[in-house]
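**Q** Sharing final.cif, mmCIF, C-alpha atoms:
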data_input
#
loop_
_atom_site.label_atom_id
_atom_site.label_comp_id
_atom_site.auth_asym_id
_atom_site.auth_seq_id
_atom_site.Cartn_x
_atom_site.Cartn_y
_atom_site.Cartn_z
CA MET A 1 21.20 15.76 -4.48
CA LYS A 2 17.90 15.21 -6.27
CA GLY A 3 15.57 12.30 -5.67
CA VAL A 4 13.60 10.26 -8.20
CA ILE A 5 10.49 8.39 -7.11
CA LEU A 6 9.29 5.64 -9.44
CA ALA A 7 5.50 5.66 -9.21
CA ALA A 8 4.27 4.59 -12.64
CA GLY A 9 3.15 1.07 -11.67
CA VAL A 10 -0.53 0.07 -11.68
CA GLY A 11 -0.52 -2.26 -8.67
CA SER A 12 -2.38 -5.11 -10.34
CA ARG A 13 -1.73 -7.49 -7.44
CA LEU A 14 -3.74 -5.20 -5.17
CA THR A 15 -6.96 -5.29 -7.12
CA PRO A 16 -9.77 -4.47 -6.44
CA ILE A 17 -8.34 -1.75 -4.15
CA THR A 18 -6.34 -0.36 -7.09
CA ASP A 19 -9.11 -0.60 -9.68
CA ASN A 20 -9.53 3.18 -9.77
CA LYS A 21 -6.24 4.45 -8.39
CA PRO A 22 -2.52 3.65 -8.59
CA LYS A 23 -1.11 1.73 -5.64
CA HIS A 24 0.82 4.68 -4.25
CA MET A 25 -2.46 6.64 -3.92
CA ILE A 26 -4.05 4.22 -1.45
CA PHE A 27 -4.98 6.35 1.55
CA LEU A 28 -3.79 5.26 4.99
CA CYS A 29 -4.54 7.45 8.02
CA GLY A 30 -5.51 10.46 5.95
CA GLN A 31 -2.59 10.42 3.49
CA PRO A 32 -1.77 8.42 0.35
CA LEU A 33 1.13 6.01 0.56
CA ILE A 34 3.28 8.23 -1.66
CA SER A 35 3.10 11.01 0.95
CA TYR A 36 4.87 8.81 3.50
CA VAL A 37 7.62 8.09 0.97
CA LEU A 38 8.03 11.79 0.19
CA THR A 39 8.10 12.72 3.87
CA ALA A 40 10.83 10.15 4.59
CA ILE A 41 12.96 11.54 1.76
CA LYS A 42 12.40 15.11 2.94
CA SER A 43 13.43 14.13 6.49
CA SER A 44 16.73 12.97 5.01
CA GLY A 45 17.40 16.45 3.64
CA ILE A 46 16.38 16.01 -0.01
CA LYS A 47 13.65 18.40 -1.17
CA ASP A 48 14.05 18.48 -4.97
CA LEU A 49 12.22 15.47 -6.33
CA ILE A 50 11.18 14.04 -9.69
CA LEU A 51 8.08 11.87 -9.61
CA VAL A 52 7.71 9.36 -12.46
CA ILE A 53 4.03 8.62 -13.09
CA GLY A 54 2.04 6.71 -15.69
CA LYS A 55 0.48 8.40 -18.71
CA THR A 56 -3.09 7.97 -17.45
CA ASP A 57 -2.38 8.94 -13.84
CA LYS A 58 -4.17 12.20 -13.16
CA ILE A 59 -4.86 11.50 -9.48
CA THR A 60 -1.27 11.80 -8.23
CA LYS A 61 -0.48 15.14 -9.86
CA SER A 62 -3.83 16.57 -8.84
CA PHE A 63 -3.23 15.69 -5.19
CA LEU A 64 0.46 16.55 -4.82
CA GLU A 65 0.62 19.47 -7.28
CA ASN A 66 4.09 21.08 -7.05
CA GLY A 67 4.81 19.59 -3.62
CA GLU A 68 4.65 22.92 -1.81
CA LYS A 69 2.16 21.72 0.83
CA LEU A 70 4.68 19.04 1.81
CA GLY A 71 7.60 21.47 1.79
CA LEU A 72 9.02 19.95 -1.42
CA ARG A 73 9.79 20.98 -4.99
CA LEU A 74 8.21 18.41 -7.27
CA GLU A 75 8.70 17.86 -11.00
CA TYR A 76 6.93 15.18 -13.01
CA ALA A 77 8.15 12.78 -15.65
CA VAL A 78 5.69 10.61 -17.56
CA GLN A 79 6.33 7.01 -18.53
CA GLU A 80 4.35 6.65 -21.75
CA LYS A 81 3.91 2.86 -21.48
CA PRO A 82 4.40 0.48 -18.53
CA MET A 83 7.72 -0.88 -19.80
CA GLY A 84 9.54 -1.52 -16.51
CA THR A 85 11.54 0.31 -13.88
CA ALA A 86 14.59 1.03 -16.06
CA ASP A 87 12.34 2.62 -18.68
CA ALA A 88 10.62 4.63 -15.92
CA LEU A 89 13.95 5.97 -14.66
CA LYS A 90 15.00 6.75 -18.23
CA SER A 91 12.03 9.11 -18.57
CA ALA A 92 13.32 11.13 -15.58
CA LEU A 93 16.99 11.39 -16.58
CA LYS A 94 16.50 14.49 -18.70
CA LEU A 95 15.31 16.39 -15.60
CA ILE A 96 18.39 15.49 -13.55
CA ASP A 97 21.08 18.17 -13.64
CA GLU A 98 23.42 16.73 -10.99
CA ASP A 99 26.01 13.95 -11.17
CA ASN A 100 24.48 11.79 -8.43
CA PHE A 101 20.88 11.16 -7.46
CA LEU A 102 18.66 9.04 -5.20
CA VAL A 103 16.07 6.60 -6.57
CA VAL A 104 13.22 5.23 -4.45
CA TYR A 105 10.27 3.04 -5.40
CA GLY A 106 7.07 4.93 -4.66
CA ASP A 107 4.96 1.99 -3.51
CA ILE A 108 6.83 1.01 -0.36
CA LEU A 109 6.60 2.13 3.25
CA LEU A 110 9.97 3.18 4.61
CA SER A 111 11.58 5.23 7.33
CA ASP A 112 13.91 8.18 6.91
CA THR A 113 16.68 6.16 8.62
CA ALA A 114 16.74 3.72 5.69
CA ILE A 115 17.48 6.57 3.29
CA GLN A 116 19.98 8.15 5.68
CA LYS A 117 21.97 4.90 5.81
CA ALA A 118 22.20 4.87 2.01
CA LEU A 119 23.25 8.54 1.88
CA LYS A 120 25.87 8.04 4.61
CA CYS A 121 27.47 5.13 2.77
CA PHE A 122 27.51 7.03 -0.52
CA ASN A 123 29.05 10.13 1.06
CA GLU A 124 31.82 7.97 2.51
CA LEU A 125 32.60 5.77 -0.51
CA LYS A 126 31.31 7.78 -3.50
CA GLU A 127 30.12 4.61 -5.27
CA PRO A 128 26.66 3.44 -6.42
CA ILE A 129 24.37 2.12 -3.68
CA VAL A 130 21.72 -0.57 -3.53
CA THR A 131 19.85 -1.36 -0.33
CA ALA A 132 18.93 -4.77 1.04
CA VAL A 133 16.39 -5.90 3.62
CA PRO A 134 16.01 -9.35 5.25
CA MET A 135 13.07 -11.43 4.02
CA LYS A 136 11.89 -14.91 5.01
CA THR A 137 10.71 -15.79 1.51
CA VAL A 138 12.39 -14.21 -1.49
CA GLN A 139 10.55 -15.60 -4.52
CA GLU A 140 8.59 -12.37 -5.10
CA TYR A 141 11.62 -10.09 -4.78
CA GLY A 142 15.10 -9.49 -6.12
CA LEU A 143 17.65 -11.61 -4.25
CA ILE A 144 20.80 -9.71 -3.22
CA GLU A 145 24.10 -11.59 -3.28
CA GLU A 146 26.95 -9.67 -1.66
CA LYS A 147 30.38 -10.15 -0.17
CA ASN A 148 32.06 -7.76 2.27
CA GLY A 149 29.43 -5.13 1.53
CA LYS A 150 29.87 -5.30 -2.25
CA LEU A 151 27.16 -6.46 -4.67
CA ILE A 152 28.01 -9.69 -6.51
CA ASN A 153 24.70 -10.51 -8.16
CA LEU A 154 21.04 -9.57 -8.16
CA ILE A 155 18.53 -12.30 -9.07
CA GLU A 156 15.05 -11.01 -9.90
CA LYS A 157 12.26 -13.24 -8.51
CA PRO A 158 14.40 -16.39 -8.12
CA LYS A 159 12.68 -19.68 -8.89
CA LYS A 160 14.92 -21.63 -6.53
CA ALA A 161 13.66 -21.73 -2.94
CA PHE A 162 15.84 -19.89 -0.42
CA GLY A 163 15.62 -19.54 3.33
CA GLU A 164 15.78 -16.12 4.92
CA ALA A 165 17.97 -13.86 2.80
CA PHE A 166 18.41 -10.23 1.80
CA VAL A 167 16.29 -8.80 -1.00
CA ASN A 168 16.34 -5.61 -3.01
CA ALA A 169 14.69 -2.79 -1.01
CA GLY A 170 14.25 -0.43 -3.99
CA ILE A 171 16.43 2.42 -2.67
CA TYR A 172 19.42 3.33 -4.85
CA ILE A 173 22.00 6.03 -5.43
CA PHE A 174 23.42 6.28 -8.96
CA THR A 175 25.76 8.43 -10.99
CA LYS A 176 23.82 9.83 -13.94
CA GLU A 177 26.34 9.10 -16.67
CA GLU A 178 26.95 5.51 -15.54
CA ILE A 179 23.31 4.47 -15.10
CA SER A 180 22.25 6.23 -18.33
CA LYS A 181 24.70 4.12 -20.34
CA ALA A 182 23.64 0.97 -18.49
CA ILE A 183 19.97 1.60 -19.23
CA LYS A 184 20.73 2.00 -22.94
CA GLU A 185 22.37 -1.44 -22.88
CA THR A 186 19.55 -3.08 -20.92
CA LYS A 187 17.52 -5.67 -22.81
CA LYS A 188 13.93 -6.70 -22.26
CA SER A 189 13.39 -9.21 -19.49
CA SER A 190 11.32 -12.39 -19.75
CA ARG A 191 8.35 -10.26 -18.64
CA GLY A 192 8.82 -7.99 -21.64
CA GLU A 193 10.05 -5.07 -19.52
CA TYR A 194 13.26 -3.12 -19.06
CA GLU A 195 14.21 -3.88 -15.46
CA LEU A 196 16.38 -1.56 -13.38
CA THR A 197 17.90 -4.63 -11.73
CA ASP A 198 19.16 -5.69 -15.17
CA SER A 199 20.71 -2.24 -15.62
CA ILE A 200 22.52 -2.71 -12.31
CA LYS A 201 23.85 -6.04 -13.58
CA VAL A 202 25.19 -4.21 -16.64
CA LEU A 203 27.18 -2.00 -14.24
CA LEU A 204 28.50 -5.12 -12.48
CA ARG A 205 29.63 -6.66 -15.76
CA LYS A 206 31.51 -3.47 -16.58
CA GLY A 207 33.41 -3.78 -13.31
CA PHE A 208 31.75 -1.03 -11.30
CA SER A 209 31.89 -1.40 -7.53
CA ILE A 210 28.38 -1.27 -6.06
CA ASN A 211 27.88 -1.08 -2.30
CA VAL A 212 25.11 -2.93 -0.46
CA VAL A 213 23.55 -1.06 2.45
CA LYS A 214 21.56 -3.30 4.77
CA ILE A 215 18.46 -1.95 6.46
CA THR A 216 16.08 -3.65 8.90
CA SER A 217 12.58 -4.95 8.28
CA ASP A 218 11.33 -2.32 10.75
CA GLU A 219 12.58 0.39 8.39
CA TRP A 220 10.98 -0.95 5.22
CA MET A 221 7.85 -2.68 3.98
CA ASP A 222 6.66 -3.73 0.55
CA ILE A 223 2.93 -3.37 -0.11
CA GLY A 224 2.48 -5.94 -2.83
CA ARG A 225 -0.50 -8.03 -1.70
CA PRO A 226 -3.94 -6.97 -0.46
CA TRP A 227 -3.32 -7.96 3.15
CA ASP A 228 -0.13 -5.87 3.21
CA ILE A 229 -2.39 -2.81 3.33
CA LEU A 230 -3.52 -3.86 6.80
CA GLU A 231 0.07 -4.30 7.99
CA ALA A 232 1.08 -0.90 6.57
CA ASN A 233 -1.90 0.68 8.28
CA LYS A 234 -0.84 -0.96 11.55
CA ARG A 235 2.70 0.36 11.25
CA ILE A 236 1.50 3.91 10.68
CA LEU A 237 -1.05 3.73 13.50
CA SER A 238 1.54 2.38 15.94
CA LYS A 239 3.20 5.83 15.86
CA ILE A 240 0.03 7.90 16.17
CA LYS A 241 -0.60 10.21 19.13
CA THR A 242 -3.90 11.29 20.62
CA ASN A 243 -5.29 14.51 19.15
CA ILE A 244 -8.96 15.45 19.34
CA PHE A 245 -10.09 18.11 16.87
CA GLY A 246 -13.58 16.77 16.24
CA GLU A 247 -16.69 16.43 18.41
CA VAL A 248 -16.70 13.60 20.95
CA SER A 249 -19.79 12.99 23.08
CA GLU A 250 -19.26 13.09 26.82
CA LYS A 251 -20.90 9.66 26.87
CA ALA A 252 -18.38 8.18 24.42
CA THR A 253 -15.20 6.38 25.54
CA LEU A 254 -11.74 6.71 24.06
CA ILE A 255 -9.04 4.21 25.07
CA GLY A 256 -5.39 4.48 24.05
CA GLU A 257 -4.01 6.66 21.25
CA VAL A 258 -6.85 8.03 19.12
CA TYR A 259 -6.62 10.75 16.45
CA ILE A 260 -9.92 12.44 15.61
CA ALA A 261 -9.77 15.04 12.83
CA LYS A 262 -11.77 18.23 12.61
CA ASN A 263 -15.54 18.03 12.05
CA ALA A 264 -15.58 14.31 12.88
CA LYS A 265 -18.29 13.15 15.30
CA VAL A 266 -18.24 10.38 17.88
CA LYS A 267 -21.78 9.86 19.14
CA PRO A 268 -22.96 8.71 22.60
CA TYR A 269 -22.00 5.30 24.00
CA SER A 270 -19.52 4.63 21.24
CA ILE A 271 -16.13 3.18 22.19
CA ILE A 272 -12.89 3.72 20.28
CA GLU A 273 -9.94 1.54 21.25
CA GLY A 274 -6.68 2.94 19.94
CA PRO A 275 -4.52 3.14 18.10
CA ALA A 276 -7.14 4.45 15.70
CA PHE A 277 -7.47 7.23 13.14
CA ILE A 278 -10.76 9.04 12.40
CA ASP A 279 -10.53 11.41 9.45
CA GLU A 280 -12.37 14.67 8.77
CA GLU A 281 -16.20 14.64 8.80
CA ALA A 282 -16.37 10.95 9.71
CA GLU A 283 -19.23 9.85 11.98
CA ILE A 284 -19.35 7.01 14.49
CA GLY A 285 -22.34 5.61 16.35
CA PRO A 286 -24.18 5.85 18.53
CA ASN A 287 -23.37 2.62 20.41
CA SER A 288 -20.60 1.50 18.06
CA LEU A 289 -17.24 -0.14 18.81
CA ILE A 290 -14.08 0.78 16.88
CA ARG A 291 -11.35 -1.66 17.81
CA PRO A 292 -7.55 -1.20 17.57
CA TYR A 293 -5.73 -0.55 14.29
CA THR A 294 -8.74 0.85 12.49
CA SER A 295 -8.51 3.80 10.12
CA LEU A 296 -11.70 5.58 9.02
CA GLY A 297 -11.54 7.77 5.93
CA ARG A 298 -12.92 11.23 5.33
CA LYS A 299 -16.74 11.46 5.39
CA SER A 300 -17.06 7.79 6.26
CA LYS A 301 -19.98 6.81 8.46
CA ILE A 302 -20.28 3.96 10.94
CA GLY A 303 -23.89 3.56 12.01
CA ASN A 304 -25.63 2.47 15.20
CA CYS A 305 -24.36 -0.66 17.00
CA CYS A 306 -21.59 -1.54 14.55
CA GLU A 307 -18.22 -3.11 15.27
CA VAL A 308 -15.14 -2.45 13.16
CA LYS A 309 -11.88 -4.23 13.96
CA ASN A 310 -8.39 -3.77 12.47
CA SER A 311 -9.71 -2.40 9.18
CA VAL A 312 -9.18 0.36 6.64
CA ILE A 313 -12.44 2.09 5.70
CA MET A 314 -11.81 4.56 2.88
CA ASN A 315 -13.36 7.95 2.11
CA ASN A 316 -17.12 8.40 1.75
CA THR A 317 -18.02 4.82 2.69
CA LYS A 318 -21.11 4.16 4.81
CA ILE A 319 -21.66 1.14 7.04
CA ALA A 320 -25.22 0.81 8.32
CA HIS A 321 -26.35 -0.29 11.77
CA LEU A 322 -25.77 -3.74 13.30
CA SER A 323 -22.87 -4.58 10.96
CA TYR A 324 -19.52 -6.24 11.71
CA ILE A 325 -16.35 -5.55 9.73
CA GLY A 326 -13.24 -7.53 10.70
CA ASP A 327 -9.67 -7.29 9.33
CA SER A 328 -10.84 -5.82 6.03
CA VAL A 329 -10.11 -3.09 3.50
CA ILE A 330 -13.18 -1.28 2.16
CA GLY A 331 -12.81 1.05 -0.83
CA GLU A 332 -14.30 4.50 -1.41
CA PHE A 333 -18.02 5.29 -1.82
CA CYS A 334 -19.14 1.86 -0.68
CA ASN A 335 -22.54 1.33 0.92
CA ILE A 336 -22.76 -1.54 3.40
CA GLY A 337 -26.35 -2.39 4.37
CA ALA A 338 -27.70 -3.10 7.84
CA GLY A 339 -26.72 -6.36 9.46
CA VAL A 340 -23.88 -7.14 7.06
CA LYS A 341 -21.16 -9.42 8.45
CA ILE A 342 -17.66 -9.63 7.05
CA ALA A 343 -16.18 -12.72 8.63
CA ASN A 344 -12.49 -12.90 9.48
CA LEU A 345 -11.97 -16.43 10.85
CA LYS A 346 -12.52 -19.79 9.15
CA LEU A 347 -14.32 -22.54 11.02
CA ASN A 348 -11.19 -24.70 10.93
CA GLU A 349 -9.15 -21.69 12.19
CA LYS A 350 -6.47 -22.28 9.55
CA ASN A 351 -4.72 -19.52 7.63
CA VAL A 352 -6.88 -17.66 5.15
CA LYS A 353 -5.91 -18.10 1.49
CA MET A 354 -6.55 -15.56 -1.27
CA ILE A 355 -6.34 -15.54 -5.05
CA VAL A 356 -3.82 -12.97 -6.32
CA LYS A 357 -3.32 -12.75 -10.10
CA GLY A 358 -4.70 -16.24 -10.58
CA ARG A 359 -2.63 -17.88 -7.83
CA LYS A 360 -4.02 -19.05 -4.50
CA LEU A 361 -1.68 -17.76 -1.80
CA ASP A 362 -1.45 -18.45 1.91
CA THR A 363 -1.76 -15.04 3.56
CA GLY A 364 -0.11 -16.26 6.75
CA ARG A 365 -3.06 -14.82 8.68
CA ARG A 366 -5.61 -16.76 10.68
CA LYS A 367 -7.78 -13.68 10.84
CA LEU A 368 -8.47 -11.89 7.58
CA GLY A 369 -11.68 -10.42 6.23
CA ALA A 370 -12.63 -9.11 2.80
CA PHE A 371 -11.32 -6.58 0.27
CA LEU A 372 -13.86 -4.37 -1.48
CA GLY A 373 -13.19 -2.08 -4.42
CA ASP A 374 -14.85 1.33 -4.81
CA ASN A 375 -18.61 1.86 -5.16
CA VAL A 376 -19.57 -1.60 -3.89
CA LYS A 377 -23.11 -2.00 -2.56
CA ILE A 378 -24.02 -4.78 -0.14
CA GLY A 379 -27.64 -5.49 0.79
CA VAL A 380 -28.98 -6.12 4.28
CA ASN A 381 -27.95 -9.23 6.19
CA ALA A 382 -25.42 -10.35 3.56
CA SER A 383 -22.36 -12.26 4.77
CA ILE A 384 -18.88 -12.12 3.23
CA MET A 385 -16.50 -14.98 4.01
CA PRO A 386 -12.78 -14.61 4.87
CA GLY A 387 -10.35 -13.75 2.06
CA VAL A 388 -13.00 -12.73 -0.49
CA LYS A 389 -12.44 -9.89 -2.96
CA ILE A 390 -15.39 -7.93 -4.32
CA GLY A 391 -14.68 -5.91 -7.45
CA SER A 392 -15.48 -2.24 -7.88
CA SER A 393 -19.12 -1.29 -8.57
CA ALA A 394 -20.32 -4.81 -7.75
CA ILE A 395 -23.67 -5.31 -6.03
CA ILE A 396 -24.34 -8.03 -3.46
CA GLY A 397 -28.03 -8.60 -2.79
CA PRO A 398 -29.74 -9.07 0.61
CA ASN A 399 -29.05 -12.30 2.53
CA VAL A 400 -26.41 -13.51 0.08
CA VAL A 401 -23.45 -15.44 1.47
CA VAL A 402 -20.33 -14.72 -0.62
CA TYR A 403 -17.72 -17.49 -0.62
CA LYS A 404 -15.82 -16.60 -3.81
CA ASP A 405 -14.36 -13.50 -5.41
CA VAL A 406 -16.84 -11.30 -7.27
CA PRO A 407 -15.70 -9.53 -10.49
CA ASN A 408 -16.18 -5.82 -11.14
CA LYS A 409 -19.66 -4.60 -12.08
CA LYS A 410 -21.41 -7.89 -11.31
CA MET A 411 -24.63 -8.31 -9.34
CA ILE A 412 -25.07 -11.32 -7.06
CA LEU A 413 -28.66 -12.05 -5.97
CA LEU A 414 -30.23 -14.81 -3.91
CA LYS A 415 -33.11 -16.61 -5.62
CA GLN A 416 -35.91 -17.69 -3.25
CA ASN A 417 -38.64 -20.27 -3.63
CA LEU A 418 -41.60 -19.10 -1.55
CA THR A 419 -44.58 -21.21 -0.58
CA ILE A 420 -47.84 -19.32 -0.04
CA LYS A 421 -50.64 -21.10 1.83
CA LYS A 422 -54.09 -20.12 2.95
CA ILE A 423 -54.55 -19.35 6.61
#
Mind turning this structure into structure tokens?

**A**
Amino acid sequence: MKGVILAAGVGSRLTPITDNKPKHMIFLCGQPLISYVLTAIKSSGIKDLILVIGKTDKITKSFLENGEKLGLRLEYAVQEKPMGTADALKSALKLIDEDNFLVVYGDILLSDTAIQKALKCFNELKEPIVTAVPMKTVQEYGLIEEKNGKLINLIEKPKKAFGEAFVNAGIYIFTKEEISKAIKETKKSSRGEYELTDSIKVLLRKGFSINVVKITSDEWMDIGRPWDILEANKRILSKIKTNIFGEVSEKATLIGEVYIAKNAKVKPYSIIEGPAFIDEEAEIGPNSLIRPYTSLGRKSKIGNCCEVKNSVIMNNTKIAHLSYIGDSVIGEFCNIGAGVKIANLKLNEKNVKMIVKGRKLDTGRRKLGAFLGDNVKIGVNASIMPGVKIGSSAIIGPNVVVYKDVPNKKMILLKQNLTIKKI
């Protein structure tokens, strides 16, 4: 059986982290998100894969190439315009030469057991498969209605409030002929896209029996909002084991599970509390504290007397001395000046709220820092308040306190009124 991974989305809800890369190419613990999806599929025994990417996506193909380094055989299909998941799958159908195939969304974090459950059910019943996962709030997902393991209805982003229910997990098994005909009959949704969930409803109307395979929330995670990156990072780090390939000073302290890649350096009197991941050529310290669930990217640098807690610091980013970074995601090639503080707790200690696509959302987190795009520069002694997003290539001047989101390529400076007197 072949697998199709739908990875043509742009991830607009994750800006500014996705300003310069598709969502599935966000790096977590040394690998892009798509690599974890591919590895899970491979562990389930499927090695021939078709990856559907967007027309302007050169990053994915450049990194994965033909899949050989992951032990896979990769082909690529290009979705010319972002016209929805059914249209994305349609672009891959011509490369499928088998009757049945697996479909997985490329921007989720999942375990191989989730895929194995779907394959097991299909092998037993030989009918199309959709997967469902329990969710406390379902408004941002596709609600699954089923009876005795059979799909009855699929409601995309329901407006009516529901309690905990099962939602579409984005793992399917289809028969080529059946889904091809259904896609041809699929009409544009209210969002102006051809939705795969609508194609599935076409199959239902035609009387096809579709099985619902339930998986657990431990086996699956959607990464649809900026703070989900931190949770995904935590899940990956929770499985990490200690391996030291880099250079660790005898005067440094490692606690718990810590992975340190080759050519990384941990300088004297630095402390790393695991689980933590330090990528190739990263530098820490001296005298710095890396707290649990922190991932440092390749060639990142944490200077003297810094503290980084529960954060994702991406490749080539430098954080100067005496800085604090809490519960944050920092993009690539950022330069954080000395004494910068990224706060992660409001004075009233209530949940942090963030603006996502024009809507203010409760993150459900009391502790949450900032989200910086690529190439951001922050001057000395600046302070960033909880839940703030700073767009790519923005510049924050010295001593500025940032309370609101900053757009891409904007400079924020503090204007001073100085009084000069004779002595």

**Q** When you look at Asn153 of chain A with a cut-off of 7 Å (counting all atoms listed in the file), what residues show up, excluding the ones that are within fewer than 4 positions of it in the same chain? I need them as a list in words.

**A**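 My reading of the contact set: Ile144, Glu145 and Glu146 of chain A.
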
**Q** Within 6 Å of Val329 of chain A, counting all atoms listed in the file, which residues show up once you throw out same-chain ones fewer than 3 positions away? Write them as a count of residues only, please.

**A** 3

**Q** What residues come out when you apply the PyMOL selection byres ((chain A and resi 14) around 8) to this file, written as a PDB file with C-alpha atoms, keeping the file's coordinate frame?

**A**
ATOM      1  CA  GLY A  11      -0.520  -2.260  -8.670  1.00  0.00           C
ATOM      2  CA  SER A  12      -2.380  -5.110 -10.340  1.00  0.00           C
ATOM      3  CA  ARG A  13      -1.730  -7.490  -7.440  1.00  0.00           C
ATOM      4  CA  THR A  15      -6.960  -5.290  -7.120  1.00  0.00           C
ATOM      5  CA  PRO A  16      -9.770  -4.470  -6.440  1.00  0.00           C
ATOM      6  CA  ILE A  17      -8.340  -1.750  -4.150  1.00  0.00           C
ATOM      7  CA  THR A  18      -6.340  -0.360  -7.090  1.00  0.00           C
ATOM      8  CA  LYS A  23      -1.110   1.730  -5.640  1.00  0.00           C
ATOM      9  CA  GLY A 224       2.480  -5.940  -2.830  1.00  0.00           C
ATOM     10  CA  ARG A 225      -0.500  -8.030  -1.700  1.00  0.00           C
ATOM     11  CA  PRO A 226      -3.940  -6.970  -0.460  1.00  0.00           C
ATOM     12  CA  VAL A 356      -3.820 -12.970  -6.320  1.00  0.00           C
TER      13      VAL A 356
END

**Q** Counting all atoms listed in the file, what is within 6 Å of Leu51 of chain A, bar same-chain residues fewer than 5 positions away, as a short mmCIF file (atom, residue, chain, number, x, y, z; two decimals) with C-alpha atoms, keeping the file's coordinate frame?

**A**
data_model
loop_
_atom_site.label_atom_id
_atom_site.label_comp_id
_atom_site.auth_asym_id
_atom_site.auth_seq_id
_atom_site.Cartn_x
_atom_site.Cartn_y
_atom_site.Cartn_z
CA VAL A 4 13.60 10.26 -8.20
CA ILE A 5 10.49 8.39 -7.11
CA TYR A 76 6.93 15.18 -13.01
#

**Q** I'd like the contact shell of Ser392 of chain A - 8 Å cut-off, all atoms listed in the file, skipping same-chain residues fewer than 4 positions apart - returned as a PyMOL selection string.

**A** chain A and resi 16+19+372-376+407-409

**Q** If the PyMOL selection byres ((chain A and resi 273) around 10) is run on the structure shown, which residues does it catch, given as an MDAnalysis selection string?

**A** chainID A and resid 253:258 271:272 274:276 289:294 309

**Q** Excluding Asn287 of chain A and residues on its chain fewer than 2 positions from it, collect all residues at most 7 Å away from it, counting only C-alpha atoms, and give them as number ranges by chain.

**A** A: 268-270, 285, 289, 304-305

**Q** I'd like to know which of A:Asp57, A:Glu124, A:Glu156, A:Glu185 is closest to Lys81 of chain A, using only C-alpha atoms.

**A**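 Residue with the minimum atom-to-atom distance to Lys81 of chain A: A:Asp57.
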
**Q** What does the distance between atom CA of Asp99 of chain A and atom CA of Lys47 of chain A come to in Å, to one decimal place?

**A**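 These atoms are spaced 16.5 Å apart.
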
**Q** I need the residue set behind the PyMOL selection byres ((chain A and resi 24-40) around 6) for this file; please write it as a list in words.

**A**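 Given this file, the PyMOL selection byres ((chain A and resi 24-40) around 6) evaluates to Pro22, Lys23, Ile41, Lys42, Ser43, Gly106, Asp107, Ser111, Asp112, Asn233, Phe277 and Ser295 of chain A.
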
**Q** For each of A:Lys415, A:Lys136, A:Lys2, A:Lys58, take the minimum atom-to-atom distance to Thr175 of chain A, counting only C-alpha atoms, then give the residue where this is smallest.

**A**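 Of A:Lys415, A:Lys136, A:Lys2, A:Lys58, the one nearest Thr175 of chain A is A:Lys2, counting only C-alpha atoms.
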
**Q** For atom CA of Ser217 of chain A and atom CA of Gly170 of chain A, quote the distance in Å rounded to one decimal.

**A**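 Pair atom CA of Ser217 of chain A / atom CA of Gly170 of chain A returns 13.2 Å.
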